[in-house]
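Below is the file final_12.cif, which contains mmCIF, C-alpha atoms.
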```cif
data_model
loop_
_atom_site.label_atom_id
_atom_site.label_comp_id
_atom_site.auth_asym_id
_atom_site.auth_seq_id
_atom_site.Cartn_x
_atom_site.Cartn_y
_atom_site.Cartn_z
CA MET A 1045 134.48 105.96 92.60
CA PHE A 1046 133.81 103.99 95.75
CA GLU A 1047 136.09 106.12 97.88
CA ARG A 1048 133.05 108.36 98.23
CA LEU A 1049 131.09 105.70 100.05
CA LEU A 1050 133.73 106.20 102.68
CA GLY A 1051 131.49 109.10 103.47
CA PHE A 1052 129.83 106.30 105.43
CA ASP A 1053 133.11 105.95 107.26
CA THR A 1054 133.09 109.46 108.63
CA ASP A 1055 133.85 110.37 112.22
CA LEU A 1056 130.23 111.28 112.68
CA PHE A 1057 129.09 107.71 112.08
CA ASP A 1058 131.94 106.38 114.18
CA ARG A 1059 130.80 108.56 117.04
CA PHE A 1060 127.21 107.41 116.62
CA ALA A 1061 128.33 103.80 116.49
CA GLN A 1062 130.43 104.22 119.60
CA MET A 1063 127.58 105.89 121.45
CA GLN A 1064 125.28 103.07 120.33
CA ARG A 1065 127.75 100.46 121.59
CA GLU A 1066 128.11 102.18 124.93
CA LEU A 1067 124.35 102.36 125.30
CA ASP A 1068 124.08 98.70 124.30
CA GLU A 1069 126.55 97.78 127.02
CA LEU A 1070 124.80 99.94 129.56
CA PHE A 1071 121.26 98.80 128.91
CA GLY A 1072 121.73 95.49 127.19
CA ARG A 1073 119.59 95.09 124.13
CA ALA A 1074 116.70 97.16 125.45
CA LEU A 1075 117.67 100.71 124.57
CA PRO A 1076 115.62 103.49 126.12
CA THR A 1077 114.89 104.82 122.65
CA ALA A 1078 115.30 103.03 119.35
CA ALA A 1079 114.03 103.64 115.84
CA ILE A 1080 110.68 101.85 115.56
CA ARG A 1081 111.93 99.90 112.52
CA GLY A 1082 115.50 99.66 113.80
CA VAL A 1083 117.12 96.21 113.72
CA PRO A 1084 119.93 94.71 115.78
CA ALA A 1085 123.44 94.78 114.31
CA GLY A 1086 124.10 91.95 111.90
CA THR A 1087 120.55 91.69 110.58
CA PHE A 1088 120.43 90.50 106.96
CA PRO A 1089 120.54 92.34 104.65
CA ALA A 1090 122.59 95.36 105.79
CA VAL A 1091 121.38 98.70 104.48
CA ASN A 1092 123.06 102.04 103.76
CA LEU A 1093 121.16 105.19 102.96
CA GLY A 1094 122.22 108.47 101.40
CA GLU A 1095 120.76 111.45 99.61
CA THR A 1096 121.62 113.92 96.89
CA ASP A 1097 119.72 117.08 95.97
CA ASN A 1098 117.54 115.09 93.56
CA ASP A 1099 117.12 111.65 95.07
CA VAL A 1100 117.44 109.31 98.02
CA ARG A 1101 119.59 106.20 97.50
CA VAL A 1102 119.25 102.95 99.38
CA TYR A 1103 121.97 100.30 99.16
CA VAL A 1104 120.88 96.84 100.27
CA PHE A 1105 123.75 94.38 100.73
CA ALA A 1106 121.97 91.17 99.75
CA PRO A 1107 124.41 88.82 97.97
CA GLY A 1108 123.51 85.62 96.17
CA ILE A 1109 119.90 86.41 95.41
CA ASP A 1110 118.05 85.90 92.18
CA PRO A 1111 116.82 89.43 91.26
CA GLU A 1112 113.50 87.83 90.27
CA LYS A 1113 113.03 86.88 93.90
CA LEU A 1114 113.57 90.42 95.18
CA ASP A 1115 110.45 92.39 95.87
CA VAL A 1116 110.73 96.16 96.22
CA THR A 1117 107.61 98.13 97.15
CA MET A 1118 106.99 101.77 98.04
CA GLU A 1119 104.03 103.06 99.99
CA GLY A 1120 104.24 106.79 100.50
CA ASN A 1121 107.74 107.27 101.89
CA VAL A 1122 108.01 103.74 103.28
CA LEU A 1123 110.19 101.35 101.30
CA ALA A 1124 109.94 97.59 101.80
CA ILE A 1125 112.42 95.06 100.47
CA GLU A 1126 111.57 91.42 100.57
CA GLY A 1127 113.32 88.34 99.30
CA GLU A 1128 114.54 84.86 99.90
CA ARG A 1129 117.83 83.01 99.90
CA GLN A 1130 117.76 79.24 99.97
CA GLU A 1131 120.72 76.98 99.47
CA SER A 1132 120.80 73.30 100.02
CA VAL A 1133 123.62 71.44 101.72
CA PRO A 1134 124.63 68.14 100.07
CA ASP A 1135 123.67 65.10 102.15
CA ASN A 1136 127.23 63.84 102.45
CA ALA A 1137 128.67 67.14 103.71
CA THR A 1138 129.87 68.03 107.20
CA VAL A 1139 129.06 71.65 108.08
CA TYR A 1140 131.72 73.42 110.17
CA ARG A 1141 130.39 76.94 109.82
CA ASN A 1142 127.00 78.19 108.86
CA GLU A 1143 127.15 81.95 109.32
CA ARG A 1144 125.42 82.98 106.12
CA PHE A 1145 121.78 83.97 106.25
CA GLN A 1146 119.18 81.52 104.93
CA GLY A 1147 115.49 81.95 104.38
CA ARG A 1148 113.07 84.81 103.85
CA PHE A 1149 113.84 88.38 104.82
CA ARG A 1150 111.99 91.67 104.83
CA ARG A 1151 113.32 95.10 105.66
CA VAL A 1152 111.24 98.23 105.91
CA LEU A 1153 112.70 101.73 105.88
CA ALA A 1154 111.06 105.11 106.27
CA LEU A 1155 112.70 107.43 103.75
CA PRO A 1156 112.72 111.22 104.08
CA GLU A 1157 109.25 112.70 103.49
CA ALA A 1158 110.32 114.47 100.31
CA VAL A 1159 110.52 111.29 98.17
CA ASP A 1160 108.21 110.70 95.23
CA GLU A 1161 106.86 107.15 95.26
CA GLU A 1162 106.26 107.34 91.52
CA GLN A 1163 109.97 107.66 90.77
CA VAL A 1164 111.63 104.46 91.93
CA ASN A 1165 114.45 102.65 90.18
CA ALA A 1166 116.05 99.44 91.40
CA THR A 1167 119.16 97.70 90.09
CA TYR A 1168 121.03 94.64 91.36
CA LYS A 1169 124.76 94.30 90.82
CA ASP A 1170 127.44 92.18 92.54
CA GLY A 1171 124.97 91.34 95.30
CA VAL A 1172 124.03 94.95 96.09
CA LEU A 1173 120.52 96.19 95.39
CA GLN A 1174 120.47 99.92 94.74
CA VAL A 1175 117.11 101.67 95.00
CA VAL A 1176 117.03 105.26 93.77
CA VAL A 1177 113.93 107.22 94.75
CA GLY A 1178 113.48 110.66 93.21
CA LYS A 1179 112.53 113.63 95.36
CA LYS A 1180 109.37 115.59 94.70
CA ALA A 1181 110.01 118.62 92.53
CA GLU A 1182 109.10 121.02 95.33
CA ALA A 1183 111.67 119.40 97.60
CA GLN A 1184 114.55 119.83 95.17
CA PRO A 1185 116.72 122.91 95.40
CA ARG A 1186 115.79 125.53 92.83
CA LYS A 1187 118.17 127.91 91.29
CA ILE A 1188 116.86 131.42 91.52
CA GLU A 1189 117.82 133.60 88.70
CA VAL A 1190 119.00 137.04 89.58
CA LYS A 1191 117.70 139.52 87.06
CA ALA A 1192 119.67 142.56 86.09
CA ASP A 1193 117.72 145.70 86.83
CA MET B 267 136.74 61.58 107.99
CA ALA B 268 136.84 65.13 109.26
CA ASP B 269 140.55 65.33 109.87
CA SER B 270 140.97 68.86 108.54
CA LYS B 271 139.30 71.03 111.11
CA GLU B 272 142.13 73.55 111.02
CA LEU B 273 140.55 75.06 107.95
CA THR B 274 137.75 76.36 110.06
CA GLU B 275 140.04 78.24 112.41
CA ARG B 276 139.15 81.91 112.19
CA GLN B 277 142.01 84.35 112.12
CA GLU B 278 141.10 87.43 114.08
CA THR B 279 143.29 90.05 112.54
CA ALA B 280 143.15 93.48 114.10
CA PRO B 281 142.52 96.13 111.45
CA GLU B 282 145.62 97.99 112.67
CA ALA B 283 147.77 95.00 111.84
CA ARG B 284 147.19 95.30 108.13
CA ALA B 285 150.18 96.89 106.50
CA GLY B 286 149.53 100.09 104.62
CA THR B 287 146.14 100.63 106.17
CA ALA B 288 145.19 103.62 108.25
CA PRO B 289 144.30 102.50 111.78
CA THR B 290 140.79 103.87 111.44
CA GLN B 291 139.89 101.71 108.44
CA VAL B 292 137.18 99.22 109.22
CA VAL B 293 137.77 95.70 107.95
CA LEU B 294 134.58 93.90 107.05
CA VAL B 295 134.56 90.22 108.00
CA PRO B 296 132.49 88.28 105.47
CA ALA B 297 130.01 85.73 106.79
CA VAL B 298 131.06 82.25 105.63
CA ASP B 299 129.83 78.69 105.38
CA VAL B 300 132.46 75.95 105.46
CA LEU B 301 131.53 72.44 104.35
CA GLU B 302 133.45 69.23 103.86
CA ASP B 303 132.60 66.29 101.67
CA PRO B 304 134.69 63.20 100.91
CA ASP B 305 136.57 64.93 98.07
CA GLY B 306 137.32 68.31 99.58
CA LEU B 307 136.19 71.45 101.34
CA THR B 308 134.01 74.30 100.17
CA VAL B 309 134.13 77.82 101.58
CA VAL B 310 131.26 80.14 100.68
CA ALA B 311 131.67 83.81 101.59
CA ASP B 312 129.22 86.71 101.38
CA MET B 313 131.03 89.70 99.92
CA PRO B 314 128.37 92.01 98.51
CA GLY B 315 129.71 94.78 96.26
CA VAL B 316 132.85 92.85 95.28
CA SER B 317 133.24 92.02 91.60
CA ALA B 318 135.57 89.24 90.41
CA ASP B 319 138.27 91.76 89.45
CA ARG B 320 138.27 93.35 92.93
CA LEU B 321 138.69 90.02 94.65
CA ASP B 322 142.10 88.95 95.93
CA LEU B 323 142.11 85.25 96.74
CA ARG B 324 145.46 83.64 97.50
CA VAL B 325 147.28 80.93 99.40
CA GLU B 326 149.95 82.51 101.57
CA LYS B 327 152.16 80.07 103.43
CA ASP B 328 149.56 77.68 104.85
CA GLN B 329 146.72 80.17 104.80
CA LEU B 330 143.86 80.72 102.45
CA VAL B 331 143.42 84.50 102.36
CA ILE B 332 140.23 86.07 101.06
CA GLU B 333 140.29 89.82 100.45
CA GLY B 334 138.19 92.12 98.37
CA ASP B 335 137.20 95.72 97.86
CA LEU B 336 133.61 96.79 97.92
CA ALA B 337 132.59 99.12 95.11
CA VAL B 338 129.13 100.53 94.60
CA ASP B 339 127.93 103.30 92.38
CA VAL B 340 127.71 106.41 94.57
CA PRO B 341 127.26 109.93 93.18
CA ALA B 342 130.06 112.26 94.25
CA GLU B 343 127.66 114.69 95.92
CA MET B 344 125.81 112.10 97.98
CA GLU B 345 125.49 112.73 101.72
CA PRO B 346 125.28 109.64 103.93
CA LEU B 347 122.15 109.49 106.09
CA TYR B 348 122.51 106.08 107.69
CA ALA B 349 125.00 103.23 107.32
CA GLU B 350 125.20 99.67 108.57
CA VAL B 351 128.14 98.89 106.28
CA ARG B 352 130.90 101.31 107.24
CA GLY B 353 133.93 99.95 105.47
CA SER B 354 134.99 98.97 102.01
CA HIS B 355 137.58 96.25 102.55
CA TYR B 356 136.76 92.62 103.27
CA ARG B 357 139.27 90.20 104.76
CA ARG B 358 139.17 86.74 106.19
CA ALA B 359 141.78 83.98 106.40
CA PHE B 360 141.77 80.28 107.18
CA SER B 361 144.72 78.05 107.96
CA LEU B 362 144.86 75.06 105.69
CA SER B 363 146.02 71.57 106.52
CA GLN B 364 148.47 69.18 104.88
CA GLU B 365 146.10 66.86 103.09
CA LEU B 366 144.54 69.65 101.04
CA ASP B 367 145.68 70.17 97.50
CA THR B 368 146.34 73.92 97.44
CA ASP B 369 147.49 73.81 93.79
CA ALA B 370 144.05 72.69 92.72
CA ILE B 371 141.94 75.34 94.46
CA GLY B 372 139.15 76.67 92.29
CA ALA B 373 136.92 79.70 92.86
CA GLU B 374 133.83 81.35 91.47
CA MET B 375 132.36 84.78 92.21
CA LYS B 376 128.72 85.52 91.46
CA ASP B 377 126.31 88.15 92.78
CA GLY B 378 128.66 89.02 95.62
CA VAL B 379 129.06 85.41 96.77
CA LEU B 380 132.48 83.76 96.61
CA ARG B 381 132.67 79.99 96.39
CA VAL B 382 136.08 78.37 96.94
CA ARG B 383 136.65 74.68 96.36
CA ILE B 384 139.67 73.06 98.00
CA PRO B 385 140.14 69.46 96.87
CA LYS B 386 141.90 66.87 99.01
CA LYS B 387 145.06 65.26 97.71
CA GLU B 388 144.29 62.02 95.95
CA ALA B 389 145.87 59.88 98.68
CA HIS B 390 143.57 61.37 101.30
CA ARG B 391 140.28 60.66 99.59
CA PRO B 392 138.35 57.86 101.16
CA ARG B 393 138.81 54.51 99.46
CA LYS B 394 136.35 51.75 99.72
CA ILE B 395 138.09 48.62 100.92
CA GLN B 396 136.82 45.44 99.43
CA VAL B 397 136.31 42.63 101.83
CA GLN B 398 137.26 39.37 100.21
CA VAL B 399 135.30 36.35 101.09
CA GLY B 400 137.87 33.65 101.81
#
```
In structure tokens, how does this file's structure come out?
Amino acid sequence: MFERLLGFDTDLFDRFAQMQRELDELFGRALPTAAIRGVPAGTFPAVNLGETDNDVRVYVFAPGIDPEKLDVTMEGNVLAIEGERQESVPDNATVYRNERFQGRFRRVLALPEAVDEEQVNATYKDGVLQVVVGKKAEAQPRKIEVKAD
Amino acid sequence: MADSKELTERQETAPEARAGTAPTQVVLVPAVDVLEDPDGLTVVADMPGVSADRLDLRVEKDQLVIEGDLAVDVPAEMEPLYAEVRGSHYRRAFSLSQELDTDAIGAEMKDGVLRVRIPKKEAHRPRKIQVQVG
């Protein structure tokens, strides 16, 4: 089942990532051109995006969050995901590593224009939020029937 | 009291070094918190997409090894548009130290967060020493 997500592992993405890294090294953080809502690597939560003929799927890797505290909103083709992760450290504990994200987060993504903001479905499982946004009927491929003459 | 800092040593394992793995496979390194209290250590690891049955947590020699496979529901015909997570295997390891009771390690996996509790051996827990008034 998941082997397919390895589609995200394709050479194409590797080449993009490599190009991105080289540009990062060349220009530091200030790239000549970046997506307006682009975020630096390592920003919480990480997001993957894919599409099928009928919908656009967003995978938000946000572990350890109460689904009640996740806010998903759509405005036109712009999807916003907001939430909070708060954990308290016991008073008598020594902290050696604190790499995990804490606090409020908000990520905003522009989806392809063809999405229908009325058809949004969100599910949370094993710390991954999956948002499925349907495409407008006119944007979906139509099968054209060939009539016999 | 913090005499077990070795646990926090991060093992940088090159993806190529993993047996049976194609050199191109990306290994995801989970973000972790490591805490110590008088009775033991707690390791908390973010592993989104890993369910309890896809988690492989083990003590190997003197190492605590955390591995897991990410699985999300993806339709077969889906085309990737953009990806920040480009792998499906998580791995991270920590070397343990003598005073930890590796037979008593406990773990819990919930919403993609792994919590591992490593108690100290009884003899290494702090004891309050009574001062007698003579």
(message) Please find the residues of chain B near chain A - the criterion being any atom within 10 Å, counting all atoms listed in the file - and write them as JSON, numbers by chain.
(response) {"B": [267, 268, 271, 273, 274, 275, 290, 291, 292, 296, 297, 298, 299, 300, 301, 302, 303, 304, 305, 306, 307, 308, 309, 310, 311, 312, 313, 314, 315, 316, 317, 318, 335, 336, 337, 338, 339, 340, 341, 342, 343, 344, 345, 346, 347, 348, 349, 350, 351, 352, 353, 354, 375, 376, 377, 378, 379, 380]}
(request) Can you work out which one of A:Glu1126, A:Gly1178, A:Thr1167, A:Asn1121 has the shortest atom-to-atom distance to Arg1150 of chain A, counting all atoms listed in the file? (result)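 Checking each candidate against Arg1150 of chain A, we get A:Glu1126 as the closest.
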(message) I'd like the interatomic distance between atom CA of Glu374 of chain B and atom CA of Glu326 of chain B, to a tenth of an Å.
(response)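 Atom CA of Glu326 of chain B lies at a distance of 19.1 Å from atom CA of Glu374 of chain B.
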(request) Please measure the separation of atom CA of Glu1112 of chain A and atom CA of Arg1081 of chain A, giving the value in Å to one decimal. (result)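 Atom CA of Arg1081 of chain A lies at a distance of 25.4 Å from atom CA of Glu1112 of chain A.
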Give the centre and edge lengths of an axis-aligned box, in Å to one decimal, that holds all listed atoms of segment 318-326 of chain B with 3 Å on each side, as JSON.
```
{"center_x": 142.8, "center_y": 87.1, "center_z": 95.5, "size_x": 20.4, "size_y": 18.4, "size_z": 18.1}
```
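Proximity to Phe1088 of chain A was assessed for A:Ile1125, A:Ala1166, A:Val1175, A:Ala1154 counting only C-alpha atoms; the smallest distance is recorded for A:Ile1125.
Straight-line separation from atom CA of Ser363 of chain B to atom CA of Val382 of chain B: 15.4 Å.
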(message) List the spatial neighbours of Arg1148 of chain A as a list of chain:residue names - criterion: any atom at most 9 Å away, all atoms listed in the file, same-chain residues fewer than 2 positions off excluded.
(response)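 In the requested form, the answer reads A:Glu1126, A:Gly1127, A:Glu1128, A:Arg1129, A:Gln1130, A:Gln1146, A:Arg1150.
By all atoms listed in the file, and with residues fewer than 6 positions from Thr368 of chain B along its chain excluded, the set lying at most 10 Å from it is B:Arg324, B:Val325, B:Asp328, B:Gln329, B:Leu330, B:Leu362, B:Arg383, B:Ile384, B:Pro385, B:Lys386, B:Lys387.
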Residues at most 7 Å from Glu333 of chain B, counting only C-alpha atoms, excluding those fewer than 6 positions away in the same chain, as a compact mmCIF listing (two decimals) with C-alpha atoms, in the frame of the given file?
```
# COMPACT_ATOMS: atom_id res chain seq x y z
CA LEU B 321 138.69 90.02 94.65
CA ASP B 322 142.10 88.95 95.93
CA LEU B 323 142.11 85.25 96.74
CA TYR B 356 136.76 92.62 103.27
CA ARG B 357 139.27 90.20 104.76
CA ARG B 358 139.17 86.74 106.19
```
(request) Select, from B:Leu366, B:Val331, B:Val293, B:Ala359, the residue with the minimum atom-to-atom distance to Arg391 of chain B, counting only C-alpha atoms. (result) B:Leu366
(message) Here's the selection I'm unsure about, the PyMOL selection byres ((chain A and resi 1162) around 10); applied to the file above, which residues does it give, as a ChimeraX atom specification?
(response) /A:1118-1120,1159-1161,1163-1165,1177-1180
Same residues, C-alpha atoms, saved as a PDB file, in the frame of the given file:
```pdb
ATOM      1  CA  MET A1118     106.990 101.770  98.040  1.00  0.00           C
ATOM      2  CA  GLU A1119     104.030 103.060  99.990  1.00  0.00           C
ATOM      3  CA  GLY A1120     104.240 106.790 100.500  1.00  0.00           C
ATOM      4  CA  VAL A1159     110.520 111.290  98.170  1.00  0.00           C
ATOM      5  CA  ASP A1160     108.210 110.700  95.230  1.00  0.00           C
ATOM      6  CA  GLU A1161     106.860 107.150  95.260  1.00  0.00           C
ATOM      7  CA  GLN A1163     109.970 107.660  90.770  1.00  0.00           C
ATOM      8  CA  VAL A1164     111.630 104.460  91.930  1.00  0.00           C
ATOM      9  CA  ASN A1165     114.450 102.650  90.180  1.00  0.00           C
ATOM     10  CA  VAL A1177     113.930 107.220  94.750  1.00  0.00           C
ATOM     11  CA  GLY A1178     113.480 110.660  93.210  1.00  0.00           C
ATOM     12  CA  LYS A1179     112.530 113.630  95.360  1.00  0.00           C
ATOM     13  CA  LYS A1180     109.370 115.590  94.700  1.00  0.00           C
TER      14      LYS A1180
END
```
